[in-house]
Amino acid sequence: MKEPEDWEAAYMEMQEEIAKHGKVFPPELNLMGHAAELDRSDDDVLPELPFKLAPRVTKADRLNDRTTLNRALAERLFLLIRGPVTRGRWDLPMAVLEGGGKGGDMKGLSMRNTHEATVRRFMGEKFEAYVPSNAPVGVHWRVPSEPSTGKTGGEQAYGDKVFFYRAQHLKGRGKVVGEGVEEFVWVTREEMGEYLPQASVEEKEYAELLTNIL
């Protein structure tokens, strides 16, 4: 049998070590380099850092100030507003798109463009957000007790079809500057239930929908 070349012998020796020890190699081989550092706990590593980590509990958390993004840093926050624009109820920021983009207050825009314009309307031009999808993350059909006539006149309309989009904050303050807003809060998914009305069956279903799709 032909003698293996040096690289072949080294390879076969390595395969034998792998078969013998599995993923745990003898320390004398030093195959993992500084992998032992990965086994160190946070309590061991933190004192050696050249900087001091800021606390995750902020002043806003201690004061229960929900009008700032600088709170609940370990959670995802959602914006709720209240005022004439939401008929005095807590709800997500919304805009009207009627007739497939031919009417309403966002005339001629696609649904995604309407969403982006709504973010600018309520948050201002300096607020930067990332929209991860062209498609909505959910839809809700609001059915009123009485039919109403649309702005274009003619046929009566029963309710509204509400499409939900997600925008992720990238840069800018979390202060709402849009008209028709008297109050706003940045809340976690669990805290949303404290604000959304749930007096009727429809309101409860709507609140449950938001907590599931957001």
# chains A, B, ... in the order shown; residues from 1 in each chain; ligands from 1
>>> residues_around(residues="Ala207 in chain A", least_positions_apart="2", cutoff="8 Å", atoms="only C-alpha atoms", output="PyMOL selection string")
chain A and resi 193+196-198+203-205+209-211
>>> residues_around(residues="range 164-169 of chain A", least_positions_apart="6", cutoff="12 Å", atoms="only C-alpha atoms", output="number ranges by chain")
A: 69, 76-79, 91-95, 111-120, 123, 126-141, 186, 206, 209-210, 212-214
>>> atom_distance(atom1="CA of Leu73 in chain A", atom2="CA of Lys175 in chain A")
17.0 Å
>>> residues_around(residues="range 44-59 of chain A", least_positions_apart="6", cutoff="12 Å", atoms="only C-alpha atoms", output="NGL selection string")
:A and (37-38 or 65-66 or 68-75)
>>> write_last_selection(atoms="all heavy atoms", output="compact mmCIF listing (two decimals), in the first residue's frame")
# COMPACT_ATOMS: atom_id res chain seq x y z
N GLU A 37 -13.22 31.38 25.86
CA GLU A 37 -13.79 32.66 26.27
C GLU A 37 -15.31 32.64 26.16
O GLU A 37 -16.00 33.37 26.88
CB GLU A 37 -13.23 33.78 25.39
CG GLU A 37 -11.73 34.02 25.56
CD GLU A 37 -11.40 34.65 26.90
OE1 GLU A 37 -12.26 35.35 27.45
OE2 GLU A 37 -10.30 34.42 27.41
N LEU A 38 -15.83 31.81 25.27
CA LEU A 38 -17.28 31.75 25.08
C LEU A 38 -17.99 31.16 26.28
O LEU A 38 -19.19 31.36 26.45
CB LEU A 38 -17.61 30.94 23.82
CG LEU A 38 -17.03 31.47 22.50
CD1 LEU A 38 -17.39 30.52 21.36
CD2 LEU A 38 -17.56 32.86 22.21
N ASP A 65 -43.03 57.26 32.45
CA ASP A 65 -43.26 58.21 31.36
C ASP A 65 -43.36 57.43 30.05
O ASP A 65 -42.36 56.90 29.55
CB ASP A 65 -42.11 59.22 31.29
CG ASP A 65 -42.30 60.24 30.17
OD1 ASP A 65 -43.38 60.22 29.53
OD2 ASP A 65 -41.38 61.03 29.94
N ARG A 66 -44.55 57.37 29.49
CA ARG A 66 -44.78 56.58 28.29
C ARG A 66 -44.84 57.43 27.02
O ARG A 66 -45.28 56.97 25.98
CB ARG A 66 -46.07 55.77 28.43
CG ARG A 66 -46.01 54.79 29.60
CD ARG A 66 -47.26 53.92 29.70
NE ARG A 66 -47.13 52.95 30.78
CZ ARG A 66 -48.04 52.02 31.07
NH1 ARG A 66 -49.15 51.93 30.35
NH2 ARG A 66 -47.85 51.18 32.07
N THR A 68 -42.13 58.70 25.62
CA THR A 68 -40.78 58.69 25.06
C THR A 68 -40.42 57.28 24.60
O THR A 68 -40.93 56.28 25.13
CB THR A 68 -39.76 59.17 26.11
OG1 THR A 68 -38.43 59.00 25.58
CG2 THR A 68 -39.88 58.38 27.39
N LEU A 69 -39.53 57.22 23.62
CA LEU A 69 -39.01 55.93 23.16
C LEU A 69 -37.93 55.39 24.08
O LEU A 69 -37.55 54.22 23.97
CB LEU A 69 -38.44 56.08 21.74
CG LEU A 69 -39.46 56.16 20.60
CD1 LEU A 69 -38.78 56.61 19.32
CD2 LEU A 69 -40.13 54.81 20.39
N ASN A 70 -37.44 56.22 24.97
CA ASN A 70 -36.36 55.82 25.87
C ASN A 70 -36.92 55.12 27.10
O ASN A 70 -36.71 55.54 28.24
CB ASN A 70 -35.53 57.05 26.28
CG ASN A 70 -34.24 56.65 26.97
OD1 ASN A 70 -33.67 55.60 26.68
ND2 ASN A 70 -33.78 57.48 27.90
N ARG A 71 -37.65 54.05 26.88
CA ARG A 71 -38.24 53.27 27.96
C ARG A 71 -38.44 51.83 27.49
O ARG A 71 -38.42 51.56 26.29
CB ARG A 71 -39.60 53.85 28.38
CG ARG A 71 -40.66 53.80 27.28
CD ARG A 71 -42.03 54.23 27.79
NE ARG A 71 -42.48 53.39 28.88
CZ ARG A 71 -43.25 52.31 28.72
NH1 ARG A 71 -43.65 51.95 27.51
NH2 ARG A 71 -43.62 51.59 29.75
N ALA A 72 -38.60 50.92 28.46
CA ALA A 72 -38.83 49.51 28.13
C ALA A 72 -37.89 49.05 27.02
O ALA A 72 -38.31 48.54 25.99
CB ALA A 72 -40.29 49.29 27.73
N LEU A 73 -36.59 49.26 27.24
CA LEU A 73 -35.60 49.03 26.19
C LEU A 73 -35.54 47.57 25.74
O LEU A 73 -35.09 47.28 24.63
CB LEU A 73 -34.22 49.48 26.68
CG LEU A 73 -34.12 50.96 27.08
CD1 LEU A 73 -32.69 51.28 27.48
CD2 LEU A 73 -34.58 51.87 25.95
N ALA A 74 -35.97 46.65 26.57
CA ALA A 74 -35.92 45.24 26.21
C ALA A 74 -37.16 44.79 25.44
O ALA A 74 -37.24 43.64 25.01
CB ALA A 74 -35.78 44.38 27.48
N GLU A 75 -38.11 45.71 25.23
CA GLU A 75 -39.36 45.36 24.56
C GLU A 75 -39.53 46.17 23.28
O GLU A 75 -38.90 47.20 23.08
CB GLU A 75 -40.56 45.64 25.49
CG GLU A 75 -40.50 44.93 26.83
CD GLU A 75 -40.80 43.46 26.72
OE1 GLU A 75 -41.42 43.06 25.70
OE2 GLU A 75 -40.43 42.71 27.64
>>> atom_distance(atom1="CA of Arg89 in chain A", atom2="CA of Asp61 in chain A")
24.5 Å
>>> atom_distance(atom1="CA of Tyr195 in chain A", atom2="CA of Arg82 in chain A")
9.7 Å
>>> closest_residue(among="A:Arg142, A:Arg87, A:Glu190, A:Ala19", to="Val162 in chain A", atoms="only C-alpha atoms")
A:Arg142
